[in-house]
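S.K.: Shown below is the structure under consideration.
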Amino acid sequence: MDKVSTNLTQNNLQKAIIPTLTLNHHLEKEVQNNRNELPKHIACIQEPYCLKDKPAIKPKGYNAFYSPIHVNPRAIILISSPFDKNTLQHTNLSNRDTSTISIKNPIKNNDRIYISSVYMPHSEKIEEHLIIKVIKEAEKKKQGLIICADTNAHSTIWGHDRTNRRGQELEEIIAKFNLNIENTTKDYTRSLGTSMTTIDLTLTNQYTPTLQNWQILRGLSDSDHEIIKMQLPETQIPTPTEIKKDYKKCNFESYKANLQNKLSTFPTKKPSHKDQLYDRRCNIDHATDLLTDHIIKAFEDACPTQKIKSNSKNFWTRSIKSKHKKLIATRKRISYLKIINWRRDTFQETKELKNGKKIFRKLVFKAYKKEKEKYFESIKNAKDTA
């Protein structure tokens, strides 16, 4: 069983290009660092830089979620692609200033957690904001809720020296719906010249698992707002298993019976409707595909399945895997250079490949030796050694 945690990032990009590029690079780096795990990364972004009425931030390995009917959205959510399968977008709980999705709860499998990226403009009252509807929806269904918001509200509760009207309004909403402020410090989250304010908040409800490692990443953002990072609790995922069909042990009597059963419902006569006549090419192709599917399905049903566990004791480390990738890339470059007759460069690349192979063999041998030593030690320490 492997442990996997969901990383959450929160940042306001101030509709600027440079902060967008910086965050883009940071998010891509996060996916690269976690490529051997199940990459779960969610980024809640406010005021993204937009081109042609759409967000311009497009890190590799991420999918963007925002309201499809609103131009120049001011709240979006980015999710790393393998995690995208477990994600639901709630368009009824999304607009220009709010983007809402839901993911599986890492602690309770049957429950979900709503995640909202929220921008609260000065011109709009917080009571009239769509986030109130999101809070009520999560409370009604007794599901978790994480709100990553640029509130534009000042309060002494989250680090200001005074409380303004918007701050009082937000305080009342937090108290009314029993929300938790996840900001672990009262440090500033936005700095503009000498002005330092805390307006970026992370809010959760009572059904949300406790967030871990909430922190402000100083100096990473080129925006006025700092990048905020946190984690959902770790969840156990089972060791991946591969299921294969053993075609050598096929029960042909079962195959014959399955096929006859499937073909008994197969249409053999010409239908009366003109558009369904089998003398048309498209309908013949359709009938052929249907017959092929029946044959394959009947054969696979007659074959027993066998589970093959993935090799968890694989001694190839990250350094070996990265070296192997470099060798493959070098080999491809050599074959390309030979085609275009670049002799000098081919000689250099071939020399590099030979040296790389030597280093690669040494790394593999060392790793194999260590794994072998561990195995023999485990046998020695075993009580019932033959």
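Identifiers for the structure tokens are assigned positionally: chains receive A, B, ... in sequence, residues are indexed from 1 per chain, and ligands are indexed from 1 in the order shown.
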Taking the DSSP secondary structure from the backbone, can you list the residues of region 81-241 of chain A that are strand (DSSP E or B), as a PyMOL selection string?
M.R.: chain A and resi 88-89+95+98-104+112-119+144-150+180-181+190-192+195-197+200-204+212-217+225+227-231+235-237+241
S.K.: I'd like the contact shell of region 179-187 of chain A - 8 Å cut-off, only C-alpha atoms, skipping same-chain residues fewer than 2 positions apart - returned as a list in words.
M.R.: Trp158, Gly159, Ile174, Ala175, Lys176, Phe177, Thr189, Thr198, Leu201, Thr202, Leu203, Thr204, Asn205, Gln206, Leu211, Trp214 and Gln215 of chain A
S.K.: Which polymer residues have any atom within 10 Å of an atom of Pro68 (chain A), counting only C-alpha atoms, with same-chain residues fewer than 6 positions away left out, as a list in words?
M.R.: Lys54, Thr91, Ser94, Asn95 and Arg96 of chain A
S.K.: Using Å and a single decimal, report how far CA of Pro19 (chain A) sits from CA of Lys60 (chain A).
M.R.: 16.6 Å
S.K.: Which polymer residues have any atom within 7 Å of an atom of Leu8 (chain A), counting only C-alpha atoms, with same-chain residues fewer than 3 positions away left out, as a PyMOL selection string?
M.R.: chain A and resi 41-43+229-231
S.K.: Residues of region 136-275 of chain A classed as alpha helix (DSSP H) by DSSP on the backbone are to be reported as JSON, numbers by chain.
M.R.: {"A": [136, 137, 138, 139, 140, 141, 165, 166, 167, 168, 169, 170, 171, 172, 173, 174, 175, 176, 252, 253, 254, 255, 256, 257, 258, 259, 260, 261, 262, 263]}
S.K.: Pick out the residues sitting within 9 Å of Ile57 (chain A), and hand them over as number ranges by chain; count only C-alpha atoms, and ignore anything fewer than 5 positions along from it in its own chain.
M.R.: A: 20-21, 23-24, 48-50, 64
S.K.: Would you mind exporting the chosen residues as a PDB file, in the first residue's frame, restricted to C-alpha atoms?
M.R.:
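Below is the file that was written, again_9.pdb:
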```pdb
ATOM      1  CA  THR A  20       1.401  33.595 -14.760  1.00  0.00           C
ATOM      2  CA  LEU A  21       4.660  32.278 -16.267  1.00  0.00           C
ATOM      3  CA  LEU A  23       3.274  29.887 -11.428  1.00  0.00           C
ATOM      4  CA  ASN A  24       3.125  27.882 -14.669  1.00  0.00           C
ATOM      5  CA  PRO A  48      -5.610  34.846 -14.087  1.00  0.00           C
ATOM      6  CA  TYR A  49      -4.088  36.504 -17.155  1.00  0.00           C
ATOM      7  CA  CYS A  50      -6.508  36.014 -20.085  1.00  0.00           C
ATOM      8  CA  ALA A  64      -8.402  23.846 -16.301  1.00  0.00           C
TER       9      ALA A  64
END
```
S.K.: In Å, with one decimal, what is the gap from CA of Leu290 (chain A) to CA of Leu263 (chain A)?
M.R.: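 Interatomic distance here is 10.1 Å.
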S.K.: Would you mind telling me which residue in A:Lys370, A:Leu217, A:Glu169, A:Thr210 lies nearest to Tyr188 (chain A) when using only C-alpha atoms?
M.R.: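 Checking each candidate against Tyr188 (chain A), we get A:Leu217 as the closest.
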S.K.: May I ask for the distance between CA of Phe252 (chain A) and CA of Ser264 (chain A), given in Å to one decimal place?
M.R.: 18.1 Å
S.K.: Write out as CSV the residues of region 131-241 of chain A that have any atom within 12 Å of an atom of region 115-119 of chain A, one row each with the nearest atom pair and its distance in Å to one decimal, counting only C-alpha atoms, sorted by chain and then rising number.
M.R.:
```
residue,atom,partner,partner_atom,distance
A:Ile131,CA,A:Val118,CA,7.4
A:Ile132,CA,A:Val118,CA,11.1
A:Lys133,CA,A:Ser116,CA,11.4
A:Val134,CA,A:Ser116,CA,8.2
A:Ile135,CA,A:Ser116,CA,9.7
A:Ala138,CA,A:Ile115,CA,10.1
A:Gln143,CA,A:Ile115,CA,10.7
A:Gly144,CA,A:Ile115,CA,8.4
A:Leu145,CA,A:Ile115,CA,5.8
A:Ile146,CA,A:Ile115,CA,4.8
A:Ile147,CA,A:Ser116,CA,4.9
A:Cys148,CA,A:Ser117,CA,5.1
A:Ala149,CA,A:Val118,CA,4.5
A:Asp150,CA,A:Tyr119,CA,5.1
A:Thr151,CA,A:Tyr119,CA,6.5
A:Asn152,CA,A:Tyr119,CA,8.5
A:Ala153,CA,A:Tyr119,CA,11.2
A:Ile199,CA,A:Tyr119,CA,10.7
A:Asp200,CA,A:Tyr119,CA,9.5
A:Leu201,CA,A:Val118,CA,9.9
A:Thr202,CA,A:Ser117,CA,9.8
A:Leu203,CA,A:Ser116,CA,9.8
A:Thr204,CA,A:Ile115,CA,9.3
A:Asn205,CA,A:Ile115,CA,11.1
A:Thr208,CA,A:Ile115,CA,10.3
A:Leu232,CA,A:Ile115,CA,11.7
```
S.K.: Looking at A:Glu234, A:Asp289, A:Glu47, A:Glu377, which one is nearest to Asn105 (chain A), with distances taken over only C-alpha atoms?
M.R.: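 Distance minimum relative to Asn105 (chain A) lands on A:Glu234.
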S.K.: My list of candidates is A:Pro73, A:His25, A:Lys325, A:Asn355. Which is closest to Gly61 (chain A) when distances are computed with only C-alpha atoms?
M.R.: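 Nearest to Gly61 (chain A): A:His25.
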